[in-house]
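Containing compact mmCIF, C-alpha atoms and all ligand atoms: coords.txt.
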```txt
# COMPACT_ATOMS: atom_id res chain seq x y z
CA MET A 262 28.69 -8.05 -11.99
CA GLY A 263 26.83 -9.38 -15.00
CA GLU A 264 23.98 -7.86 -16.89
CA ARG A 265 21.36 -9.87 -18.70
CA PRO A 266 18.31 -9.07 -20.81
CA VAL A 267 15.02 -9.31 -18.96
CA GLU A 268 11.55 -9.12 -20.47
CA LEU A 269 8.75 -7.63 -18.45
CA GLU A 270 5.10 -7.55 -19.35
CA ILE A 271 3.50 -4.74 -17.42
CA LEU A 272 -0.18 -3.93 -17.14
CA ARG A 273 -0.73 -0.34 -18.25
CA TYR A 274 -3.80 1.77 -17.73
CA ASN A 275 -4.15 5.46 -18.40
CA PRO A 276 -7.53 6.69 -17.13
CA GLU A 277 -7.44 9.62 -19.56
CA THR A 278 -7.00 7.64 -22.74
CA ASP A 279 -7.59 3.92 -22.09
CA ARG A 280 -10.95 2.19 -21.91
CA GLU A 281 -9.31 -0.76 -20.20
CA PRO A 282 -5.86 -1.93 -19.12
CA ARG A 283 -3.49 -3.60 -21.58
CA PHE A 284 -0.12 -5.30 -21.29
CA GLN A 285 3.02 -3.63 -22.55
CA ARG A 286 6.32 -5.46 -23.08
CA TYR A 287 9.67 -4.03 -22.14
CA SER A 288 13.06 -5.63 -22.78
CA VAL A 289 15.80 -4.15 -20.66
CA GLY A 290 19.29 -5.08 -19.57
CA CYS A 291 19.23 -5.83 -15.85
CA ARG A 292 21.92 -6.58 -13.34
CA GLU A 293 22.07 -9.93 -11.65
CA GLU A 294 21.36 -8.59 -8.16
CA TRP A 295 18.37 -6.44 -9.13
CA VAL A 296 14.85 -6.81 -7.82
CA VAL A 297 11.73 -6.18 -9.90
CA LEU A 298 11.53 -2.65 -8.50
CA ASP A 299 15.02 -1.90 -9.88
CA ALA A 300 13.86 -3.06 -13.31
CA LEU A 301 10.80 -0.79 -13.08
CA ASN A 302 12.97 2.15 -12.07
CA HIS A 303 15.35 1.39 -14.93
CA ILE A 304 12.45 1.33 -17.41
CA LYS A 305 11.09 4.59 -16.05
CA GLU A 306 14.48 6.30 -16.22
CA THR A 307 15.64 5.05 -19.61
CA VAL A 308 12.70 3.82 -21.66
CA ASP A 309 9.29 5.07 -20.57
CA PRO A 310 8.91 7.92 -18.06
CA THR A 311 5.11 7.55 -18.07
CA LEU A 312 5.18 4.25 -16.19
CA SER A 313 3.49 4.74 -12.79
CA TYR A 314 3.93 2.69 -9.64
CA ARG A 315 4.38 3.27 -5.92
CA TRP A 316 7.53 2.74 -3.95
CA SER A 317 9.58 4.45 -1.31
CA CYS A 318 11.96 2.51 0.92
CA HIS A 319 13.35 -0.22 -1.37
CA MET A 320 13.80 -2.39 1.73
CA ALA A 321 10.47 -4.06 2.52
CA VAL A 322 9.58 -1.57 5.22
CA CYS A 323 7.21 1.03 3.80
CA GLY A 324 4.78 -1.42 2.22
CA SER A 325 4.07 0.68 -0.85
CA CYS A 326 5.49 -1.46 -3.69
CA GLY A 327 3.01 -4.36 -3.50
CA MET A 328 2.06 -5.74 -6.93
CA MET A 329 1.20 -9.01 -8.64
CA ILE A 330 4.34 -10.62 -10.03
CA ASN A 331 3.54 -13.64 -12.16
CA GLY A 332 0.17 -13.74 -10.46
CA GLU A 333 1.52 -13.71 -6.90
CA PRO A 334 1.14 -10.75 -4.54
CA LYS A 335 4.72 -9.62 -3.89
CA LEU A 336 6.77 -6.66 -2.77
CA ALA A 337 8.59 -5.51 -5.92
CA CYS A 338 11.58 -4.52 -3.79
CA LYS A 339 11.88 -8.02 -2.34
CA SER A 340 11.45 -10.00 -5.57
CA PHE A 341 14.76 -10.83 -7.20
CA LEU A 342 14.82 -11.00 -10.99
CA ARG A 343 17.11 -14.01 -10.80
CA ASP A 344 14.30 -16.03 -9.19
CA TYR A 345 12.20 -15.78 -12.35
CA VAL A 346 12.59 -17.45 -15.71
CA GLY A 347 11.10 -16.10 -18.91
CA VAL A 348 8.86 -13.08 -19.19
CA ILE A 349 7.94 -11.51 -15.86
CA ARG A 350 4.33 -10.40 -15.71
CA VAL A 351 3.69 -7.41 -13.46
CA GLU A 352 0.16 -6.27 -12.58
CA PRO A 353 -1.34 -4.02 -9.93
CA LEU A 354 -2.47 -5.72 -6.69
CA ALA A 355 -5.48 -7.93 -7.35
CA TYR A 356 -8.98 -6.91 -6.20
CA PHE A 357 -8.12 -3.22 -5.81
CA PRO A 358 -9.34 -0.76 -8.46
CA ILE A 359 -6.57 0.49 -10.74
CA GLU A 360 -5.84 4.20 -10.51
CA ARG A 361 -3.14 4.16 -13.21
CA ASP A 362 -0.70 1.48 -14.37
CA LEU A 363 0.49 -0.33 -11.22
CA VAL A 364 -1.03 2.20 -8.84
CA THR A 365 -4.18 1.00 -7.08
CA VAL A 366 -6.94 2.82 -5.19
CA ILE A 367 -6.48 1.88 -1.55
CA ASP A 368 -9.19 4.04 0.08
CA ASP A 369 -11.21 0.95 0.97
CA PHE A 370 -8.38 -0.50 3.04
CA MET A 371 -7.59 2.83 4.70
CA ASP A 372 -11.23 3.21 5.69
CA LYS A 373 -11.42 -0.32 7.13
CA LEU A 374 -8.17 0.15 8.98
CA ALA A 375 -9.54 3.25 10.71
CA ARG A 376 -12.77 1.44 11.62
CA VAL A 377 -11.01 -1.25 13.68
CA LYS A 378 -9.28 1.39 15.85
CA PRO A 379 -5.71 0.12 15.50
CA TYR A 380 -4.29 2.08 18.40
CA LEU A 381 -4.05 1.72 22.16
CA ILE A 382 -7.23 2.50 24.04
CA PRO A 383 -5.93 2.40 27.62
CA LYS A 384 -7.89 0.40 30.19
CA ARG A 385 -7.78 3.39 32.47
CA GLU A 386 -6.42 6.80 31.75
CA GLN A 387 -3.57 7.61 34.04
CA PRO A 388 -1.86 10.95 34.46
CA VAL A 389 1.62 11.28 33.00
CA SER A 390 2.95 11.75 36.53
CA ASP A 391 2.03 8.11 37.26
CA GLY A 392 4.68 6.99 34.81
CA GLU A 393 4.50 4.56 31.91
CA TYR A 394 2.08 1.71 31.28
CA ARG A 395 4.25 -1.27 32.12
CA GLN A 396 4.42 -4.58 30.37
CA THR A 397 6.39 -7.80 30.87
CA PRO A 398 8.41 -9.38 28.04
CA ALA A 399 5.89 -12.25 27.93
CA GLU A 400 3.01 -9.78 27.53
CA LEU A 401 4.89 -8.09 24.70
CA LYS A 402 5.66 -11.40 23.01
CA LYS A 403 1.96 -12.22 22.95
CA PHE A 404 1.26 -9.67 20.18
CA LYS A 405 4.71 -8.72 18.87
CA GLN A 406 4.38 -10.61 15.61
CA TYR A 407 1.27 -8.61 14.64
CA THR A 408 3.13 -5.33 15.08
CA LEU A 409 5.33 -6.26 12.11
CA CYS A 410 2.55 -5.50 9.61
CA ILE A 411 3.66 -2.90 7.06
CA ASN A 412 0.19 -2.36 5.54
CA CYS A 413 1.37 -3.54 2.13
CA MET A 414 -2.02 -5.14 1.38
CA LEU A 415 -0.53 -8.25 -0.21
CA CYS A 416 -2.85 -10.25 2.06
CA TYR A 417 -5.90 -8.54 0.54
CA ALA A 418 -4.68 -9.27 -2.97
CA ALA A 419 -4.23 -12.92 -1.95
CA CYS A 420 -7.63 -13.30 -0.28
CA PRO A 421 -10.39 -14.62 -2.57
CA GLN A 422 -12.96 -13.77 0.08
CA TYR A 423 -12.01 -10.10 -0.19
CA GLY A 424 -12.25 -10.36 -3.97
CA LEU A 425 -15.72 -11.89 -3.77
CA ILE A 426 -17.06 -9.90 -0.81
CA PRO A 427 -15.65 -6.37 -1.02
CA LYS A 428 -17.30 -5.41 2.29
CA TYR A 429 -15.21 -7.96 4.18
CA ILE A 430 -12.87 -6.07 6.53
CA GLY A 431 -10.02 -8.37 5.55
CA PRO A 432 -6.83 -9.86 6.97
CA ALA A 433 -4.47 -6.99 7.83
CA ALA A 434 -7.06 -4.77 9.51
CA ILE A 435 -8.38 -7.63 11.65
CA ALA A 436 -4.86 -8.81 12.52
CA LEU A 437 -4.08 -5.27 13.69
CA ALA A 438 -7.26 -5.12 15.75
CA HIS A 439 -6.20 -8.43 17.29
CA ARG A 440 -2.75 -6.98 17.99
CA TYR A 441 -4.30 -4.31 20.22
CA ASN A 442 -6.83 -6.70 21.76
CA GLN A 443 -3.90 -8.89 22.82
CA ASP A 444 -2.04 -5.98 24.39
CA SER A 445 -2.14 -6.07 28.19
CA ARG A 446 -2.31 -2.25 28.31
CA ASP A 447 -5.36 -2.07 26.09
CA GLY A 448 -9.02 -1.93 27.06
CA GLY A 449 -10.62 -1.28 23.67
CA ARG A 450 -11.69 -4.78 22.71
CA ASP A 451 -15.43 -4.16 23.09
CA GLN A 452 -15.24 -1.21 20.70
CA ARG A 453 -13.32 -3.22 18.12
CA GLN A 454 -15.56 -6.27 18.43
CA GLU A 455 -18.44 -4.31 16.90
CA GLU A 456 -16.50 -4.23 13.64
CA ILE A 457 -14.45 -7.40 13.67
CA ALA A 458 -16.87 -9.88 15.31
CA ALA A 459 -19.54 -8.96 12.73
CA THR A 460 -20.39 -10.94 9.59
CA GLU A 461 -18.24 -8.62 7.52
CA GLY A 462 -15.48 -9.11 10.07
CA VAL A 463 -14.01 -12.49 10.89
CA TRP A 464 -17.06 -14.48 9.78
CA ASP A 465 -16.47 -13.68 6.13
CA CYS A 466 -13.13 -15.46 6.49
CA SER A 467 -13.24 -19.08 5.36
CA PHE A 468 -9.63 -19.78 6.33
CA VAL A 469 -8.14 -20.06 2.87
CA GLY A 470 -4.88 -19.14 4.59
CA ALA A 471 -3.47 -17.38 1.52
CA CYS A 472 -2.96 -14.14 3.48
CA SER A 473 -0.39 -15.76 5.76
CA GLU A 474 1.35 -17.50 2.88
CA VAL A 475 2.03 -14.25 1.02
CA CYS A 476 2.77 -12.00 4.01
CA PRO A 477 6.31 -10.67 3.53
CA GLU A 478 6.70 -10.01 7.26
CA HIS A 479 5.32 -13.36 8.52
CA VAL A 480 2.59 -11.65 10.49
CA ASP A 481 0.21 -14.61 10.04
CA PRO A 482 -3.10 -12.75 9.73
CA ALA A 483 -4.92 -16.06 9.19
CA GLY A 484 -3.89 -17.11 12.69
CA ALA A 485 -5.14 -13.85 14.16
CA LEU A 486 -8.49 -14.26 12.40
CA GLN A 487 -9.06 -17.78 13.74
CA GLN A 488 -8.18 -16.60 17.24
CA VAL A 489 -10.69 -13.77 16.98
CA LYS A 490 -13.32 -16.28 15.82
CA ILE A 491 -12.67 -18.51 18.82
CA ALA A 492 -12.71 -15.60 21.28
CA SER A 493 -15.95 -14.24 19.76
CA THR A 494 -17.57 -17.67 19.97
CA VAL A 495 -16.57 -17.92 23.63
CA ASP A 496 -18.15 -14.46 24.15
CA TRP A 497 -21.39 -15.66 22.58
CA TYR A 498 -21.61 -18.73 24.81
CA ARG A 499 -20.77 -16.67 27.88
CA GLU A 500 -23.50 -14.21 27.05
CA HIS A 501 -26.18 -16.79 26.26
CA LEU A 502 -25.41 -19.61 28.68
CA MET A 503 -24.01 -17.63 31.58
CA PRO A 504 -25.84 -14.30 31.54
CA TRP A 505 -24.97 -13.76 35.19
CA LYS A 506 -21.29 -13.70 34.36
CA LYS A 507 -20.53 -10.18 33.25
CA LYS A 508 -17.36 -9.65 31.27
CA MET B 141 -6.25 15.13 -14.50
CA SER B 142 -9.35 13.03 -14.26
CA ARG B 143 -9.80 9.99 -12.08
CA ARG B 144 -11.44 6.95 -13.58
CA PRO B 145 -10.43 3.92 -11.49
CA TYR B 146 -10.72 0.65 -13.38
CA VAL B 147 -12.36 -2.22 -11.51
CA ARG B 148 -11.36 -5.73 -12.53
CA GLU B 149 -14.32 -8.10 -12.33
CA VAL B 150 -13.91 -11.22 -10.17
CA SER B 151 -15.69 -14.24 -11.62
CA LYS B 152 -18.11 -15.64 -9.05
CA SER B 153 -17.83 -19.16 -10.41
CA ARG B 154 -14.30 -19.46 -11.80
CA TRP B 155 -12.18 -17.45 -9.39
CA PHE B 156 -10.32 -20.47 -8.02
CA LEU B 157 -9.25 -21.90 -11.39
CA GLY B 158 -5.61 -21.65 -12.39
CA GLN B 159 -4.44 -20.85 -8.85
CA PRO B 160 -2.90 -23.87 -7.07
CA ARG B 161 -3.42 -22.25 -3.68
CA TYR B 162 -7.12 -21.68 -4.28
CA LEU B 163 -7.51 -25.18 -5.76
CA ARG B 164 -6.02 -26.74 -2.63
CA TYR B 165 -8.47 -24.71 -0.58
CA MET B 166 -11.43 -25.81 -2.69
CA ALA B 167 -10.28 -29.44 -2.36
CA ARG B 168 -10.30 -29.04 1.42
CA GLU B 169 -13.78 -27.50 1.29
CA LEU B 170 -14.97 -30.36 -0.93
CA THR B 171 -13.91 -32.95 1.65
CA CYS B 172 -16.86 -31.98 3.85
CA VAL B 173 -19.25 -33.42 1.23
CA PHE B 174 -17.66 -36.84 1.69
CA ILE B 175 -17.48 -36.52 5.46
CA GLY B 176 -21.20 -35.62 5.39
CA ALA B 177 -22.01 -38.55 3.09
CA TYR B 178 -20.21 -40.94 5.42
CA SER B 179 -22.13 -39.57 8.42
CA VAL B 180 -25.36 -40.31 6.55
CA LEU B 181 -24.05 -43.83 5.89
CA LEU B 182 -23.54 -44.32 9.64
CA LEU B 183 -27.13 -43.19 10.29
CA VAL B 184 -28.38 -45.65 7.69
CA ALA B 185 -26.35 -48.37 9.44
CA LEU B 186 -28.10 -47.56 12.72
CA LYS B 187 -31.49 -47.68 11.04
CA ARG B 188 -30.73 -51.06 9.41
CA LEU B 189 -29.48 -52.36 12.75
CA SER B 190 -32.76 -51.39 14.37
CA GLU B 191 -34.64 -53.26 11.65
CA GLY B 192 -33.14 -56.59 12.63
CA ARG B 193 -30.44 -59.02 11.71
CA GLU B 194 -31.42 -59.58 8.08
CA ALA B 195 -31.60 -55.92 7.21
CA TYR B 196 -28.24 -55.29 8.83
CA GLU B 197 -26.55 -58.16 7.06
CA ALA B 198 -27.89 -56.99 3.70
CA PHE B 199 -26.46 -53.58 4.54
CA LEU B 200 -23.05 -55.08 5.33
CA GLN B 201 -23.15 -56.95 2.05
CA ALA B 202 -23.87 -53.73 0.18
CA LEU B 203 -20.85 -52.18 1.88
CA ALA B 204 -18.68 -55.06 0.68
CA SER B 205 -19.84 -54.69 -2.92
CA PRO B 206 -17.40 -53.09 -5.39
CA ALA B 207 -19.39 -49.83 -5.36
CA GLY B 208 -19.42 -49.85 -1.55
CA ILE B 209 -15.67 -50.39 -1.39
CA VAL B 210 -14.94 -47.67 -3.93
CA PHE B 211 -17.14 -45.23 -1.98
CA GLN B 212 -15.38 -46.04 1.27
CA ALA B 213 -11.92 -45.81 -0.27
CA VAL B 214 -12.66 -42.42 -1.83
CA THR B 215 -14.21 -41.19 1.41
CA LEU B 216 -11.21 -42.37 3.38
CA ALA B 217 -8.88 -40.44 1.05
CA PHE B 218 -10.92 -37.27 1.44
CA ALA B 219 -11.25 -37.77 5.21
CA LEU B 220 -7.46 -38.07 5.48
CA TYR B 221 -6.94 -34.92 3.40
CA HIS B 222 -9.50 -33.13 5.57
CA THR B 223 -7.82 -34.27 8.79
CA VAL B 224 -4.25 -33.56 7.75
CA THR B 225 -5.00 -30.11 6.33
CA TRP B 226 -6.99 -29.07 9.40
CA PHE B 227 -4.53 -30.52 11.91
CA ASN B 228 -1.73 -28.65 10.17
CA VAL B 229 -3.40 -25.28 10.79
CA THR B 230 -4.29 -25.88 14.46
CA PRO B 231 -1.21 -24.02 15.79
CA LYS B 232 -2.52 -20.87 14.07
CA ALA B 233 -5.92 -21.07 15.74
CA MET B 234 -4.71 -22.26 19.13
CA PRO B 235 -1.26 -20.89 19.92
CA ILE B 236 -0.11 -21.76 23.42
CA GLN B 237 2.24 -19.39 25.18
CA ILE B 238 4.20 -20.63 28.17
CA GLY B 239 6.13 -17.83 29.80
CA GLU B 240 7.67 -15.86 26.96
CA ALA B 241 7.89 -18.63 24.41
CA PHE B 242 5.19 -20.16 22.24
CA VAL B 243 4.87 -23.94 22.14
CA PRO B 244 6.28 -25.04 18.75
CA GLY B 245 3.60 -25.70 16.12
CA GLY B 246 4.82 -29.26 15.63
CA VAL B 247 3.98 -30.10 19.24
CA ILE B 248 0.40 -28.82 18.89
CA ILE B 249 -0.08 -30.70 15.61
CA GLY B 250 1.51 -33.80 17.15
CA ALA B 251 -0.87 -33.63 20.10
CA HIS B 252 -3.79 -33.73 17.69
CA TYR B 253 -2.40 -36.81 15.95
CA ALA B 254 -1.82 -38.41 19.35
CA GLY B 255 -5.44 -37.66 20.33
CA TRP B 256 -6.62 -39.11 17.05
CA ALA B 257 -4.59 -42.28 17.61
CA ALA B 258 -5.86 -42.61 21.18
CA VAL B 259 -9.51 -42.31 20.12
CA THR B 260 -8.94 -44.84 17.32
CA VAL B 261 -7.40 -47.35 19.74
CA LEU B 262 -10.26 -46.78 22.19
CA VAL B 263 -12.84 -47.45 19.49
CA LEU B 264 -11.01 -50.60 18.37
CA VAL B 265 -10.74 -51.87 21.95
CA LEU B 266 -14.45 -51.21 22.56
CA ALA B 267 -15.36 -52.92 19.29
CA GLU B 268 -13.34 -55.97 20.33
CA ALA B 269 -14.80 -56.06 23.84
CA LEU B 270 -18.45 -55.76 22.80
S1 LIG C 601 9.52 0.02 -1.56
FE1 LIG C 601 9.02 0.00 0.53
S2 LIG C 601 8.25 -2.01 0.77
FE2 LIG C 601 9.00 -2.06 -1.24
```
Any chance you could put this one into structure tokens?
Amino acid sequence: MGERPVELEILRYNPETDREPRFQRYSVGCREEWVVLDALNHIKETVDPTLSYRWSCHMAVCGSCGMMINGEPKLACKSFLRDYVGVIRVEPLAYFPIERDLVTVIDDFMDKLARVKPYLIPKREQPVSDGEYRQTPAELKKFKQYTLCINCMLCYAACPQYGLIPKYIGPAAIALAHRYNQDSRDGGRDQRQEEIAATEGVWDCSFVGACSEVCPEHVDPAGALQQVKIASTVDWYREHLMPWKKK
Amino acid sequence: MSRRPYVREVSKSRWFLGQPRYLRYMARELTCVFIGAYSVLLLVALKRLSEGREAYEAFLQALASPAGIVFQAVTLAFALYHTVTWFNVTPKAMPIQIGEAFVPGGVIIGAHYAGWAAVTVLVLVLAEAL
């Protein structure tokens, strides 16, 4: 299998010595079947051991290798070198603060994720002796697609609203809240609505749709967000026009 | 080791430049200005109509002037872009599940075009009849 020279321009930032990030060029021989992550690993092993970035699975599962590749939010382990011509520009995920090189500070996302309670809150607690909470295939299908989220945060790096309004809860967290709201076994919607039906929840979304376009797992967070908007609007009308109708 | 996270500033006025995806979005947002302008035009038409035959005919003449035609052509282009882009995202906002399967997006989009066509025909028929 052939090897060819590839040029990468990588954004470097060392918090101990740099005032601001700067690009550094690397020219390395890469194999035809390599992805950008392979090139980064090759650079780290043979040229520059100080280069920092996150990765783990190398198979688009762990969600840790998200970065901007030629300006697009991408998983480095899913981006083949052969799909790019010329110099490949690699930067840390947009809108997140840079910790070092390609490593970003993701505390904001982790905090928002926890706030939307992305776990089952059973409608009624039942003792283990009563057996499992059952679900039909159709009920599973209703939310299955949202379970595919790998928390890679590409959708945040694609979302201009998140860039402009840092308080916005953002695509992945709301899509995950929606995933549990759609689950027939779940009864936690009211608790989640406090976060996601607020201004900083779905209403900061202006339906740019970029989140769904970049999602490597085809979760379609933009769809989830619009559905939450519609459901929240229906709630509002119910509450104000039909106060006698309790949820 | 000291932490000193670097925050990249996002320009409040130029963030959408140089990004085709963001430019397409801004174009879609811009269409509402033309839709709004056309709505105002319809209100003006009603007002002129209420002012009598002469006023209304002068209004129609203004519409047929080069400037009037250019405005309507540009508005039509933006209205079409508005309609097509919004219709194309309807399956995201309104998925329909029947049994286990979801109705294909094309069917939901198609239904919107069919509704649009039906309303257009209805308006044309009414306009002919009155
Ligand atoms: S390394 Fe796990 S998603 Fe890329």
Spatial neighbours of Tyr394 of chain A, max dist 12 Å, only C-alpha atoms, sep filter under 3 positions, as a ChimeraX atom specification: /A:381-391,397,444-447
Separation of atom CA of Ala241 of chain B from atom CA of Gly431 of chain A in Å: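 It comes out at 28.0 Å.
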Distance query segment 206-215 of chain B at most 8 Å, only C-alpha atoms, self and fewer than 4 positions along chain excluded, as number ranges by chain: B: 174-175, 178, 202, 219
Within 12 Å of ligand LIG 601 (chain C), counting all atoms listed in the file, residues as a ChimeraX atom specification: /A:296-299,301-302,314-328,335-340,410-415,476-478
Filtering to C-alpha atoms, could you give me those residues as a short mmCIF file (atom, residue, chain, number, x, y, z; two decimals), in the coordinates of the input?
```
data_model
loop_
_atom_site.label_atom_id
_atom_site.label_comp_id
_atom_site.auth_asym_id
_atom_site.auth_seq_id
_atom_site.Cartn_x
_atom_site.Cartn_y
_atom_site.Cartn_z
CA VAL A 296 14.85 -6.81 -7.82
CA VAL A 297 11.73 -6.18 -9.90
CA LEU A 298 11.53 -2.65 -8.50
CA ASP A 299 15.02 -1.90 -9.88
CA LEU A 301 10.80 -0.79 -13.08
CA ASN A 302 12.97 2.15 -12.07
CA TYR A 314 3.93 2.69 -9.64
CA ARG A 315 4.38 3.27 -5.92
CA TRP A 316 7.53 2.74 -3.95
CA SER A 317 9.58 4.45 -1.31
CA CYS A 318 11.96 2.51 0.92
CA HIS A 319 13.35 -0.22 -1.37
CA MET A 320 13.80 -2.39 1.73
CA ALA A 321 10.47 -4.06 2.52
CA VAL A 322 9.58 -1.57 5.22
CA CYS A 323 7.21 1.03 3.80
CA GLY A 324 4.78 -1.42 2.22
CA SER A 325 4.07 0.68 -0.85
CA CYS A 326 5.49 -1.46 -3.69
CA GLY A 327 3.01 -4.36 -3.50
CA MET A 328 2.06 -5.74 -6.93
CA LYS A 335 4.72 -9.62 -3.89
CA LEU A 336 6.77 -6.66 -2.77
CA ALA A 337 8.59 -5.51 -5.92
CA CYS A 338 11.58 -4.52 -3.79
CA LYS A 339 11.88 -8.02 -2.34
CA SER A 340 11.45 -10.00 -5.57
CA CYS A 410 2.55 -5.50 9.61
CA ILE A 411 3.66 -2.90 7.06
CA ASN A 412 0.19 -2.36 5.54
CA CYS A 413 1.37 -3.54 2.13
CA MET A 414 -2.02 -5.14 1.38
CA LEU A 415 -0.53 -8.25 -0.21
CA CYS A 476 2.77 -12.00 4.01
CA PRO A 477 6.31 -10.67 3.53
CA GLU A 478 6.70 -10.01 7.26
#
```
Chain B residues near chain A (9 Å cut-off, all atoms listed in the file) as JSON, numbers by chain: {"B": [141, 142, 143, 144, 145, 146, 147, 148, 149, 150, 151, 152, 155, 156, 159, 161, 162, 164, 165, 166, 229, 230, 231, 232, 233, 234, 235, 237, 238, 239, 240, 241, 242]}
For His479 of chain A, the nearest of the candidates A:Lys506, A:Leu354, A:Tyr407, A:His303, counting all atoms listed in the file: A:Tyr407
All residues 10 Å or closer to Glu293 of chain A, all atoms listed in the file, same chain fewer than 3 positions away omitted, as number ranges by chain: A: 262-266, 290, 296, 341-343
Write out the residues from the selection above, keeping C-alpha atoms, as a short mmCIF file (atom, residue, chain, number, x, y, z; two decimals), keeping the file's coordinate frame.
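Written output follows (part-v7.cif):
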```cif
data_model
loop_
_atom_site.label_atom_id
_atom_site.label_comp_id
_atom_site.auth_asym_id
_atom_site.auth_seq_id
_atom_site.Cartn_x
_atom_site.Cartn_y
_atom_site.Cartn_z
CA MET A 262 28.69 -8.05 -11.99
CA GLY A 263 26.83 -9.38 -15.00
CA GLU A 264 23.98 -7.86 -16.89
CA ARG A 265 21.36 -9.87 -18.70
CA PRO A 266 18.31 -9.07 -20.81
CA GLY A 290 19.29 -5.08 -19.57
CA VAL A 296 14.85 -6.81 -7.82
CA PHE A 341 14.76 -10.83 -7.20
CA LEU A 342 14.82 -11.00 -10.99
CA ARG A 343 17.11 -14.01 -10.80
#
```
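The two atoms in question, atom CA of Asn331 of chain A and atom CA of Asp344 of chain A, are spaced 11.4 Å apart.
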Missing atoms in segment 241-255 of chain B: fill them in up to N, CA and C atoms and send the result as an mmCIF file, keeping the file's coordinate frame.
```
data_model
loop_
_atom_site.group_PDB
_atom_site.id
_atom_site.type_symbol
_atom_site.label_atom_id
_atom_site.label_comp_id
_atom_site.auth_asym_id
_atom_site.auth_seq_id
_atom_site.Cartn_x
_atom_site.Cartn_y
_atom_site.Cartn_z
ATOM 1 N N ALA B 241 7.822 -17.892 25.670
ATOM 2 C CA ALA B 241 7.890 -18.630 24.410
ATOM 3 C C ALA B 241 6.557 -19.266 24.036
ATOM 4 N N PHE B 242 6.351 -19.436 22.732
ATOM 5 C CA PHE B 242 5.190 -20.160 22.240
ATOM 6 C C PHE B 242 5.576 -21.621 22.047
ATOM 7 N N VAL B 243 4.643 -22.511 22.379
ATOM 8 C CA VAL B 243 4.870 -23.940 22.140
ATOM 9 C C VAL B 243 5.024 -24.130 20.636
ATOM 10 N N PRO B 244 6.078 -24.861 20.188
ATOM 11 C CA PRO B 244 6.280 -25.040 18.750
ATOM 12 C C PRO B 244 5.050 -25.679 18.080
ATOM 13 N N GLY B 245 4.776 -25.206 16.849
ATOM 14 C CA GLY B 245 3.600 -25.700 16.120
ATOM 15 C C GLY B 245 3.568 -27.212 16.015
ATOM 16 N N GLY B 246 4.755 -27.806 15.800
ATOM 17 C CA GLY B 246 4.820 -29.260 15.630
ATOM 18 C C GLY B 246 4.268 -30.002 16.840
ATOM 19 N N VAL B 247 4.456 -29.443 18.021
ATOM 20 C CA VAL B 247 3.980 -30.100 19.240
ATOM 21 C C VAL B 247 2.452 -30.088 19.262
ATOM 22 N N ILE B 248 1.868 -28.932 18.878
ATOM 23 C CA ILE B 248 0.400 -28.820 18.890
ATOM 24 C C ILE B 248 -0.206 -29.761 17.837
ATOM 25 N N ILE B 249 0.424 -29.795 16.654
ATOM 26 C CA ILE B 249 -0.080 -30.700 15.610
ATOM 27 C C ILE B 249 0.072 -32.147 16.085
ATOM 28 N N GLY B 250 1.246 -32.448 16.648
ATOM 29 C CA GLY B 250 1.510 -33.800 17.150
ATOM 30 C C GLY B 250 0.494 -34.232 18.188
ATOM 31 N N ALA B 251 0.107 -33.301 19.068
ATOM 32 C CA ALA B 251 -0.870 -33.630 20.100
ATOM 33 C C ALA B 251 -2.199 -34.039 19.467
ATOM 34 N N HIS B 252 -2.551 -33.372 18.364
ATOM 35 C CA HIS B 252 -3.790 -33.730 17.690
ATOM 36 C C HIS B 252 -3.721 -35.141 17.102
ATOM 37 N N TYR B 253 -2.548 -35.458 16.489
ATOM 38 C CA TYR B 253 -2.400 -36.810 15.950
ATOM 39 C C TYR B 253 -2.440 -37.840 17.078
ATOM 40 N N ALA B 254 -1.821 -37.486 18.212
ATOM 41 C CA ALA B 254 -1.820 -38.410 19.350
ATOM 42 C C ALA B 254 -3.248 -38.641 19.831
ATOM 43 N N GLY B 255 -4.035 -37.544 19.916
ATOM 44 C CA GLY B 255 -5.440 -37.660 20.330
ATOM 45 C C GLY B 255 -6.218 -38.544 19.366
#
```
